[in-house]
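Source file: protein_7.txt. Holds: compact mmCIF, N, CA and C atoms.
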```
# COMPACT_ATOMS: atom_id res chain seq x y z
N MET K 1 3.46 16.99 14.55
CA MET K 1 3.12 15.78 13.86
C MET K 1 3.72 15.82 12.45
N LYS K 2 4.57 14.86 12.15
CA LYS K 2 5.16 14.78 10.83
C LYS K 2 4.24 13.99 9.92
N THR K 3 4.08 14.47 8.69
CA THR K 3 3.22 13.77 7.73
C THR K 3 4.02 13.38 6.49
N VAL K 4 3.49 12.39 5.79
CA VAL K 4 4.03 11.97 4.50
C VAL K 4 2.90 12.04 3.50
N THR K 5 3.24 12.06 2.22
CA THR K 5 2.25 12.16 1.17
C THR K 5 2.19 10.84 0.40
N ILE K 6 0.98 10.34 0.24
CA ILE K 6 0.75 9.13 -0.53
C ILE K 6 0.07 9.55 -1.84
N SER K 7 0.78 9.33 -2.95
CA SER K 7 0.25 9.68 -4.27
C SER K 7 -0.11 8.40 -5.01
N PHE K 8 -0.90 8.56 -6.07
CA PHE K 8 -1.37 7.41 -6.83
C PHE K 8 -1.02 7.55 -8.30
N ALA K 9 -0.62 6.46 -8.90
CA ALA K 9 -0.28 6.44 -10.33
C ALA K 9 -1.49 5.98 -11.12
N CYS K 10 -2.59 6.70 -10.93
CA CYS K 10 -3.80 6.44 -11.70
C CYS K 10 -4.61 7.75 -11.71
N ASP K 11 -5.35 7.94 -12.76
CA ASP K 11 -6.09 9.19 -12.94
C ASP K 11 -7.25 9.33 -11.97
N GLY K 12 -7.50 10.56 -11.56
CA GLY K 12 -8.69 10.88 -10.79
C GLY K 12 -8.55 10.83 -9.28
N TYR K 13 -7.35 10.61 -8.78
CA TYR K 13 -7.16 10.51 -7.33
C TYR K 13 -6.10 11.50 -6.86
N GLU K 14 -6.47 12.31 -5.91
CA GLU K 14 -5.56 13.30 -5.35
C GLU K 14 -4.64 12.64 -4.31
N PRO K 15 -3.44 13.18 -4.14
CA PRO K 15 -2.55 12.66 -3.08
C PRO K 15 -3.20 12.84 -1.71
N LEU K 16 -2.85 11.94 -0.80
CA LEU K 16 -3.36 11.99 0.57
C LEU K 16 -2.21 12.17 1.53
N ASP K 17 -2.43 12.95 2.57
CA ASP K 17 -1.42 13.11 3.62
C ASP K 17 -1.73 12.11 4.74
N ALA K 18 -0.66 11.57 5.31
CA ALA K 18 -0.80 10.60 6.40
C ALA K 18 0.21 10.93 7.48
N GLU K 19 -0.19 10.72 8.72
CA GLU K 19 0.74 10.89 9.82
C GLU K 19 1.80 9.80 9.72
N LEU K 20 3.04 10.18 9.89
CA LEU K 20 4.16 9.25 9.82
C LEU K 20 3.91 8.05 10.74
N GLY K 21 4.05 6.85 10.21
CA GLY K 21 3.89 5.63 10.98
C GLY K 21 2.49 5.04 11.00
N THR K 22 1.53 5.76 10.43
CA THR K 22 0.15 5.27 10.40
C THR K 22 0.03 4.08 9.45
N TRP K 23 -0.78 3.09 9.82
CA TRP K 23 -1.05 1.97 8.92
C TRP K 23 -1.75 2.50 7.67
N LEU K 24 -1.30 2.06 6.49
CA LEU K 24 -1.88 2.56 5.25
C LEU K 24 -3.36 2.20 5.10
N ASN K 25 -3.80 1.07 5.67
CA ASN K 25 -5.22 0.76 5.52
C ASN K 25 -6.10 1.81 6.20
N LEU K 26 -5.61 2.46 7.23
CA LEU K 26 -6.38 3.51 7.90
C LEU K 26 -6.43 4.78 7.06
N VAL K 27 -5.41 4.99 6.25
CA VAL K 27 -5.34 6.19 5.40
C VAL K 27 -6.08 5.98 4.09
N LEU K 28 -5.96 4.79 3.53
CA LEU K 28 -6.44 4.54 2.17
C LEU K 28 -7.84 3.94 2.09
N ASP K 29 -8.42 3.56 3.18
CA ASP K 29 -9.72 2.91 3.15
C ASP K 29 -10.86 3.92 3.24
N HIS K 30 -10.99 4.72 2.18
CA HIS K 30 -12.09 5.69 2.10
C HIS K 30 -12.30 6.06 0.63
N PRO K 31 -13.35 6.78 0.29
CA PRO K 31 -13.69 7.05 -1.11
C PRO K 31 -12.63 7.80 -1.91
N GLY K 32 -11.69 8.50 -1.28
CA GLY K 32 -10.68 9.25 -2.02
C GLY K 32 -9.45 8.43 -2.38
N SER K 33 -9.56 7.12 -2.30
CA SER K 33 -8.43 6.24 -2.56
C SER K 33 -8.80 5.17 -3.58
N PRO K 34 -7.89 4.85 -4.50
CA PRO K 34 -8.16 3.79 -5.47
C PRO K 34 -7.82 2.39 -4.97
N VAL K 35 -7.31 2.27 -3.75
CA VAL K 35 -6.90 0.97 -3.22
C VAL K 35 -8.08 0.30 -2.54
N ALA K 36 -8.42 -0.91 -2.99
CA ALA K 36 -9.51 -1.68 -2.41
C ALA K 36 -8.99 -2.53 -1.26
N PHE K 37 -9.81 -2.75 -0.27
CA PHE K 37 -9.45 -3.58 0.87
C PHE K 37 -10.48 -4.67 1.06
N GLY K 38 -10.02 -5.82 1.51
CA GLY K 38 -10.90 -6.94 1.83
C GLY K 38 -10.77 -7.26 3.29
N CYS K 39 -9.87 -8.16 3.62
CA CYS K 39 -9.74 -8.66 5.00
C CYS K 39 -9.04 -7.68 5.94
N ARG K 40 -8.19 -6.82 5.44
CA ARG K 40 -7.42 -5.85 6.22
C ARG K 40 -6.39 -6.48 7.15
N SER K 41 -6.04 -7.74 6.88
CA SER K 41 -5.06 -8.41 7.73
C SER K 41 -3.97 -9.13 6.95
N GLY K 42 -3.88 -8.88 5.65
CA GLY K 42 -2.80 -9.47 4.86
C GLY K 42 -3.07 -10.88 4.38
N LEU K 43 -4.33 -11.30 4.35
CA LEU K 43 -4.64 -12.67 3.94
C LEU K 43 -5.28 -12.79 2.56
N CYS K 44 -5.96 -11.74 2.08
CA CYS K 44 -6.73 -11.87 0.84
C CYS K 44 -6.01 -11.35 -0.40
N GLY K 45 -5.09 -10.40 -0.25
CA GLY K 45 -4.36 -9.85 -1.38
C GLY K 45 -5.09 -8.78 -2.16
N THR K 46 -6.29 -8.39 -1.72
CA THR K 46 -7.09 -7.39 -2.42
C THR K 46 -6.38 -6.04 -2.52
N CYS K 47 -5.62 -5.67 -1.52
CA CYS K 47 -4.99 -4.35 -1.45
C CYS K 47 -3.57 -4.32 -2.04
N ALA K 48 -3.27 -5.27 -2.92
CA ALA K 48 -1.93 -5.31 -3.51
C ALA K 48 -1.65 -4.03 -4.31
N VAL K 49 -0.46 -3.49 -4.12
CA VAL K 49 -0.03 -2.28 -4.82
C VAL K 49 1.42 -2.45 -5.27
N GLU K 50 1.78 -1.68 -6.28
CA GLU K 50 3.18 -1.51 -6.64
C GLU K 50 3.63 -0.20 -6.02
N VAL K 51 4.75 -0.19 -5.33
CA VAL K 51 5.32 1.05 -4.82
C VAL K 51 6.26 1.55 -5.91
N LEU K 52 5.81 2.55 -6.67
CA LEU K 52 6.58 3.05 -7.80
C LEU K 52 7.71 3.96 -7.37
N GLU K 53 7.47 4.73 -6.31
CA GLU K 53 8.48 5.66 -5.79
C GLU K 53 8.32 5.73 -4.28
N SER K 54 9.45 5.94 -3.62
CA SER K 54 9.44 6.14 -2.17
C SER K 54 10.61 7.04 -1.83
N SER K 55 10.36 8.03 -0.98
CA SER K 55 11.42 8.98 -0.61
C SER K 55 12.35 8.40 0.45
N GLY K 56 12.05 7.22 0.93
CA GLY K 56 12.89 6.59 1.94
C GLY K 56 12.69 5.09 1.93
N PRO K 57 13.43 4.40 2.77
CA PRO K 57 13.30 2.94 2.81
C PRO K 57 11.96 2.51 3.41
N LEU K 58 11.47 1.38 2.94
CA LEU K 58 10.24 0.79 3.47
C LEU K 58 10.59 -0.45 4.27
N GLU K 59 9.74 -0.78 5.23
CA GLU K 59 9.93 -2.04 5.95
C GLU K 59 9.85 -3.19 4.95
N SER K 60 10.65 -4.19 5.13
CA SER K 60 10.58 -5.37 4.28
C SER K 60 9.31 -6.14 4.58
N PRO K 61 8.74 -6.81 3.57
CA PRO K 61 7.55 -7.62 3.85
C PRO K 61 7.90 -8.77 4.79
N ASP K 62 6.98 -9.08 5.70
CA ASP K 62 7.23 -10.21 6.60
C ASP K 62 6.82 -11.50 5.89
N GLU K 63 7.01 -12.61 6.56
CA GLU K 63 6.75 -13.92 5.96
C GLU K 63 5.29 -14.07 5.54
N GLY K 64 4.36 -13.58 6.35
CA GLY K 64 2.94 -13.67 6.03
C GLY K 64 2.58 -12.89 4.78
N GLU K 65 3.12 -11.69 4.66
CA GLU K 65 2.85 -10.87 3.46
C GLU K 65 3.42 -11.55 2.23
N ARG K 66 4.65 -12.04 2.33
CA ARG K 66 5.27 -12.73 1.18
C ARG K 66 4.46 -13.96 0.77
N GLU K 67 3.98 -14.71 1.76
CA GLU K 67 3.20 -15.91 1.47
C GLU K 67 1.90 -15.55 0.75
N THR K 68 1.19 -14.54 1.24
CA THR K 68 -0.05 -14.12 0.58
C THR K 68 0.22 -13.67 -0.85
N LEU K 69 1.25 -12.87 -1.05
CA LEU K 69 1.56 -12.41 -2.40
C LEU K 69 1.93 -13.57 -3.32
N ASP K 70 2.66 -14.55 -2.80
CA ASP K 70 3.03 -15.72 -3.61
C ASP K 70 1.81 -16.54 -4.02
N VAL K 71 0.82 -16.62 -3.15
CA VAL K 71 -0.39 -17.40 -3.44
C VAL K 71 -1.34 -16.63 -4.36
N VAL K 72 -1.61 -15.36 -4.03
CA VAL K 72 -2.61 -14.58 -4.76
C VAL K 72 -2.06 -14.00 -6.06
N TRP K 73 -0.82 -13.57 -6.04
CA TRP K 73 -0.20 -12.91 -7.20
C TRP K 73 1.11 -13.63 -7.58
N PRO K 74 1.07 -14.93 -7.92
CA PRO K 74 2.30 -15.69 -8.15
C PRO K 74 3.13 -15.20 -9.34
N ASP K 75 2.49 -14.57 -10.30
CA ASP K 75 3.21 -14.13 -11.50
C ASP K 75 3.67 -12.68 -11.43
N ARG K 76 3.49 -12.03 -10.29
CA ARG K 76 3.86 -10.61 -10.15
C ARG K 76 4.91 -10.47 -9.06
N GLN K 77 5.99 -9.83 -9.37
CA GLN K 77 7.06 -9.59 -8.41
C GLN K 77 7.02 -8.13 -7.94
N GLY K 78 7.49 -7.89 -6.74
CA GLY K 78 7.63 -6.53 -6.24
C GLY K 78 6.37 -5.89 -5.70
N LEU K 79 5.31 -6.66 -5.53
CA LEU K 79 4.07 -6.10 -4.99
C LEU K 79 4.15 -6.05 -3.47
N ARG K 80 3.30 -5.20 -2.90
CA ARG K 80 3.17 -5.10 -1.44
C ARG K 80 1.68 -5.09 -1.11
N LEU K 81 1.36 -5.42 0.12
CA LEU K 81 -0.02 -5.34 0.61
C LEU K 81 -0.16 -4.07 1.43
N ALA K 82 -1.01 -3.16 0.97
CA ALA K 82 -1.16 -1.87 1.63
C ALA K 82 -1.68 -2.00 3.06
N CYS K 83 -2.43 -3.05 3.34
CA CYS K 83 -3.02 -3.18 4.68
C CYS K 83 -1.99 -3.47 5.77
N VAL K 84 -0.82 -3.97 5.40
CA VAL K 84 0.19 -4.29 6.40
C VAL K 84 1.43 -3.39 6.28
N MET K 85 1.29 -2.28 5.55
CA MET K 85 2.38 -1.32 5.40
C MET K 85 2.09 -0.08 6.24
N ARG K 86 3.14 0.58 6.65
CA ARG K 86 3.01 1.86 7.37
C ARG K 86 3.44 3.01 6.46
N ALA K 87 2.89 4.17 6.73
CA ALA K 87 3.27 5.38 6.01
C ALA K 87 4.62 5.86 6.56
N GLN K 88 5.70 5.40 5.95
CA GLN K 88 7.04 5.71 6.44
C GLN K 88 7.75 6.79 5.64
N SER K 89 7.27 7.06 4.44
CA SER K 89 7.90 8.06 3.59
C SER K 89 6.90 8.47 2.53
N ASP K 90 7.20 9.57 1.83
CA ASP K 90 6.37 9.93 0.68
C ASP K 90 6.47 8.78 -0.30
N MET K 91 5.34 8.40 -0.90
CA MET K 91 5.39 7.30 -1.86
C MET K 91 4.32 7.44 -2.90
N THR K 92 4.56 6.81 -4.04
CA THR K 92 3.59 6.74 -5.12
C THR K 92 3.20 5.28 -5.28
N LEU K 93 1.90 5.02 -5.19
CA LEU K 93 1.37 3.67 -5.28
C LEU K 93 0.56 3.48 -6.55
N LYS K 94 0.62 2.28 -7.07
CA LYS K 94 -0.22 1.90 -8.21
C LYS K 94 -1.00 0.66 -7.80
N PRO K 95 -2.33 0.77 -7.66
CA PRO K 95 -3.13 -0.40 -7.31
C PRO K 95 -3.00 -1.47 -8.41
N VAL K 96 -3.04 -2.72 -8.00
CA VAL K 96 -2.94 -3.83 -8.94
C VAL K 96 -4.34 -4.18 -9.43
N ASP K 97 -4.46 -4.35 -10.74
CA ASP K 97 -5.76 -4.70 -11.34
C ASP K 97 -5.96 -6.20 -11.31
```
Rendering of file as structure tokens:
Amino acid sequence: MKTVTISFACDGYEPLDAELGTWLNLVLDHPGSPVAFGCRSGLCGTCAVEVLESSGPLESPDEGERETLDVVWPDRQGLRLACVMRAQSDMTLKPVD
């Protein structure tokens, strides 16, 4: 089983290991994560994050993710929704306030 490491750009949170290809909401939805979740389906925008670093390419956001980000976070560019992303590479995330 290949794993990747998900790190956080905020104090007090240790990096988490995830099996390659796992949905991030399954990895990050617990007390050791600073990422909050609401609907878990890409509709509410609660789990918006900035991907500060990635050791490899990430899947591009689909139309639904882009639409949610445009509605919920219209003044922020480059955000992603953690609930619809997969753990594809080591990455550093910063939750959006």
Within 6.5 Å of Gly45 (chain K), counting all atoms listed in the file, which residues qualify if same-chain residues fewer than 2 places away don't, as a ChimeraX atom specification? /K:42-43,47-48,68-69,72
Keeping N, CA and C atoms for every residue in the selection just given, could you write it to a file as a short mmCIF file (atom, residue, chain, number, x, y, z; two decimals), in the frame of the given file?
```
data_model
loop_
_atom_site.label_atom_id
_atom_site.label_comp_id
_atom_site.auth_asym_id
_atom_site.auth_seq_id
_atom_site.Cartn_x
_atom_site.Cartn_y
_atom_site.Cartn_z
N GLY K 42 -3.88 -8.88 5.65
CA GLY K 42 -2.80 -9.47 4.86
C GLY K 42 -3.07 -10.88 4.38
N LEU K 43 -4.33 -11.30 4.35
CA LEU K 43 -4.64 -12.67 3.94
C LEU K 43 -5.28 -12.79 2.56
N CYS K 47 -5.62 -5.67 -1.52
CA CYS K 47 -4.99 -4.35 -1.45
C CYS K 47 -3.57 -4.32 -2.04
N ALA K 48 -3.27 -5.27 -2.92
CA ALA K 48 -1.93 -5.31 -3.51
C ALA K 48 -1.65 -4.03 -4.31
N THR K 68 1.19 -14.54 1.24
CA THR K 68 -0.05 -14.12 0.58
C THR K 68 0.22 -13.67 -0.85
N LEU K 69 1.25 -12.87 -1.05
CA LEU K 69 1.56 -12.41 -2.40
C LEU K 69 1.93 -13.57 -3.32
N VAL K 72 -1.61 -15.36 -4.03
CA VAL K 72 -2.61 -14.58 -4.76
C VAL K 72 -2.06 -14.00 -6.06
#
```
With distances taken over only C-alpha atoms, which of K:Leu24, K:Val51, K:Cys44, K:Ala9 is nearest to Ala82 (chain K)?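 The shortest atom-to-atom distance to Ala82 (chain K) comes from K:Leu24.
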Å distance separating atom N of Cys83 (chain K) from atom C of Leu28 (chain K), one decimal place: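 Computed distance, atom N of Cys83 (chain K) to atom C of Leu28 (chain K), equals 8.9 Å.
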Quick one: pick out all helix (DSSP H, G or I) residues within region 16-85 of chain K from a backbone DSSP run and write them as a PyMOL selection string. chain K and resi 24-28+63-72+82-84
Selected residue, from K:Glu65, K:Ser60, K:Phe37, K:Lys2, that lies nearest to Leu20 (chain K) when counting only N, CA and C atoms: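 Smallest distance to Leu20 (chain K) is found for K:Lys2.
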Env of region 86-88 of chain K: 12 Å cut, atoms = only C-alpha atoms, seq-sep filter 2 positions within chain, self excluded. Answer as an mmCIF file with N, CA and C atoms, keeping the file's coordinate frame.
```cif
data_model
loop_
_atom_site.group_PDB
_atom_site.id
_atom_site.type_symbol
_atom_site.label_atom_id
_atom_site.label_comp_id
_atom_site.auth_asym_id
_atom_site.auth_seq_id
_atom_site.Cartn_x
_atom_site.Cartn_y
_atom_site.Cartn_z
ATOM 1 N N LYS K 2 4.570 14.860 12.150
ATOM 2 C CA LYS K 2 5.160 14.780 10.830
ATOM 3 C C LYS K 2 4.240 13.990 9.920
ATOM 4 N N THR K 3 4.080 14.470 8.690
ATOM 5 C CA THR K 3 3.220 13.770 7.730
ATOM 6 C C THR K 3 4.020 13.380 6.490
ATOM 7 N N VAL K 4 3.490 12.390 5.790
ATOM 8 C CA VAL K 4 4.030 11.970 4.500
ATOM 9 C C VAL K 4 2.900 12.040 3.500
ATOM 10 N N THR K 5 3.240 12.060 2.220
ATOM 11 C CA THR K 5 2.250 12.160 1.170
ATOM 12 C C THR K 5 2.190 10.840 0.400
ATOM 13 N N ILE K 6 0.980 10.340 0.240
ATOM 14 C CA ILE K 6 0.750 9.130 -0.530
ATOM 15 C C ILE K 6 0.070 9.550 -1.840
ATOM 16 N N SER K 7 0.780 9.330 -2.950
ATOM 17 C CA SER K 7 0.250 9.680 -4.270
ATOM 18 C C SER K 7 -0.110 8.400 -5.010
ATOM 19 N N LEU K 16 -2.850 11.940 -0.800
ATOM 20 C CA LEU K 16 -3.360 11.990 0.570
ATOM 21 C C LEU K 16 -2.210 12.170 1.530
ATOM 22 N N ASP K 17 -2.430 12.950 2.570
ATOM 23 C CA ASP K 17 -1.420 13.110 3.620
ATOM 24 C C ASP K 17 -1.730 12.110 4.740
ATOM 25 N N ALA K 18 -0.660 11.570 5.310
ATOM 26 C CA ALA K 18 -0.800 10.600 6.400
ATOM 27 C C ALA K 18 0.210 10.930 7.480
ATOM 28 N N GLU K 19 -0.190 10.720 8.720
ATOM 29 C CA GLU K 19 0.740 10.890 9.820
ATOM 30 C C GLU K 19 1.800 9.800 9.720
ATOM 31 N N LEU K 20 3.040 10.180 9.890
ATOM 32 C CA LEU K 20 4.160 9.250 9.820
ATOM 33 C C LEU K 20 3.910 8.050 10.740
ATOM 34 N N GLY K 21 4.050 6.850 10.210
ATOM 35 C CA GLY K 21 3.890 5.630 10.980
ATOM 36 C C GLY K 21 2.490 5.040 11.000
ATOM 37 N N THR K 22 1.530 5.760 10.430
ATOM 38 C CA THR K 22 0.150 5.270 10.400
ATOM 39 C C THR K 22 0.030 4.080 9.450
ATOM 40 N N TRP K 23 -0.780 3.090 9.820
ATOM 41 C CA TRP K 23 -1.050 1.970 8.920
ATOM 42 C C TRP K 23 -1.750 2.500 7.670
ATOM 43 N N LEU K 24 -1.300 2.060 6.490
ATOM 44 C CA LEU K 24 -1.880 2.560 5.250
ATOM 45 C C LEU K 24 -3.360 2.200 5.100
ATOM 46 N N ASN K 25 -3.800 1.070 5.670
ATOM 47 C CA ASN K 25 -5.220 0.760 5.520
ATOM 48 C C ASN K 25 -6.100 1.810 6.200
ATOM 49 N N LEU K 26 -5.610 2.460 7.230
ATOM 50 C CA LEU K 26 -6.380 3.510 7.900
ATOM 51 C C LEU K 26 -6.430 4.780 7.060
ATOM 52 N N VAL K 27 -5.410 4.990 6.250
ATOM 53 C CA VAL K 27 -5.340 6.190 5.400
ATOM 54 C C VAL K 27 -6.080 5.980 4.090
ATOM 55 N N LEU K 28 -5.960 4.790 3.530
ATOM 56 C CA LEU K 28 -6.440 4.540 2.170
ATOM 57 C C LEU K 28 -7.840 3.940 2.090
ATOM 58 N N VAL K 51 4.750 -0.190 -5.330
ATOM 59 C CA VAL K 51 5.320 1.050 -4.820
ATOM 60 C C VAL K 51 6.260 1.550 -5.910
ATOM 61 N N SER K 54 9.450 5.940 -3.620
ATOM 62 C CA SER K 54 9.440 6.140 -2.170
ATOM 63 C C SER K 54 10.610 7.040 -1.830
ATOM 64 N N SER K 55 10.360 8.030 -0.980
ATOM 65 C CA SER K 55 11.420 8.980 -0.610
ATOM 66 C C SER K 55 12.350 8.400 0.450
ATOM 67 N N GLY K 56 12.050 7.220 0.930
ATOM 68 C CA GLY K 56 12.890 6.590 1.940
ATOM 69 C C GLY K 56 12.690 5.090 1.930
ATOM 70 N N PRO K 57 13.430 4.400 2.770
ATOM 71 C CA PRO K 57 13.300 2.940 2.810
ATOM 72 C C PRO K 57 11.960 2.510 3.410
ATOM 73 N N LEU K 58 11.470 1.380 2.940
ATOM 74 C CA LEU K 58 10.240 0.790 3.470
ATOM 75 C C LEU K 58 10.590 -0.450 4.270
ATOM 76 N N GLU K 59 9.740 -0.780 5.230
ATOM 77 C CA GLU K 59 9.930 -2.040 5.950
ATOM 78 C C GLU K 59 9.850 -3.190 4.950
ATOM 79 N N SER K 60 10.650 -4.190 5.130
ATOM 80 C CA SER K 60 10.580 -5.370 4.280
ATOM 81 C C SER K 60 9.310 -6.140 4.580
ATOM 82 N N PRO K 61 8.740 -6.810 3.570
ATOM 83 C CA PRO K 61 7.550 -7.620 3.850
ATOM 84 C C PRO K 61 7.900 -8.770 4.790
ATOM 85 N N ARG K 80 3.300 -5.200 -2.900
ATOM 86 C CA ARG K 80 3.170 -5.100 -1.440
ATOM 87 C C ARG K 80 1.680 -5.090 -1.110
ATOM 88 N N LEU K 81 1.360 -5.420 0.120
ATOM 89 C CA LEU K 81 -0.020 -5.340 0.610
ATOM 90 C C LEU K 81 -0.160 -4.070 1.430
ATOM 91 N N ALA K 82 -1.010 -3.160 0.970
ATOM 92 C CA ALA K 82 -1.160 -1.870 1.630
ATOM 93 C C ALA K 82 -1.680 -2.000 3.060
ATOM 94 N N CYS K 83 -2.430 -3.050 3.340
ATOM 95 C CA CYS K 83 -3.020 -3.180 4.680
ATOM 96 C C CYS K 83 -1.990 -3.470 5.770
ATOM 97 N N VAL K 84 -0.820 -3.970 5.400
ATOM 98 C CA VAL K 84 0.190 -4.290 6.400
ATOM 99 C C VAL K 84 1.430 -3.390 6.280
ATOM 100 N N ASP K 90 7.200 9.570 1.830
ATOM 101 C CA ASP K 90 6.370 9.930 0.680
ATOM 102 C C ASP K 90 6.470 8.780 -0.300
ATOM 103 N N MET K 91 5.340 8.400 -0.900
ATOM 104 C CA MET K 91 5.390 7.300 -1.860
ATOM 105 C C MET K 91 4.320 7.440 -2.900
ATOM 106 N N THR K 92 4.560 6.810 -4.040
ATOM 107 C CA THR K 92 3.590 6.740 -5.120
ATOM 108 C C THR K 92 3.200 5.280 -5.280
ATOM 109 N N LEU K 93 1.900 5.020 -5.190
ATOM 110 C CA LEU K 93 1.370 3.670 -5.280
ATOM 111 C C LEU K 93 0.560 3.480 -6.550
#
```
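Checking K:Gly32, K:Trp73, K:Asp11, K:Met1 one by one against Thr46 (chain K), counting only C-alpha atoms, you find the shortest gap at K:Trp73.
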Report, in Å to a single decimal, how far apart atom C of Glu67 (chain K) and CA of Ser33 (chain K) are.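 Between these atoms lies a distance of 24.3 Å.
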Please determine, counting all atoms listed in the file, which residue among K:Gln77, K:Pro34, K:Leu52, K:Ser41 has the shortest atom-to-atom distance to Gly64 (chain K).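 Counting all atoms listed in the file, the residue closest to Gly64 (chain K) is K:Ser41.
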Quick one, how far is atom N of Glu63 (chain K) from atom C of Phe8 (chain K)?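 Value for the atom N of Glu63 (chain K)-atom C of Phe8 (chain K) distance: 26.3 Å.
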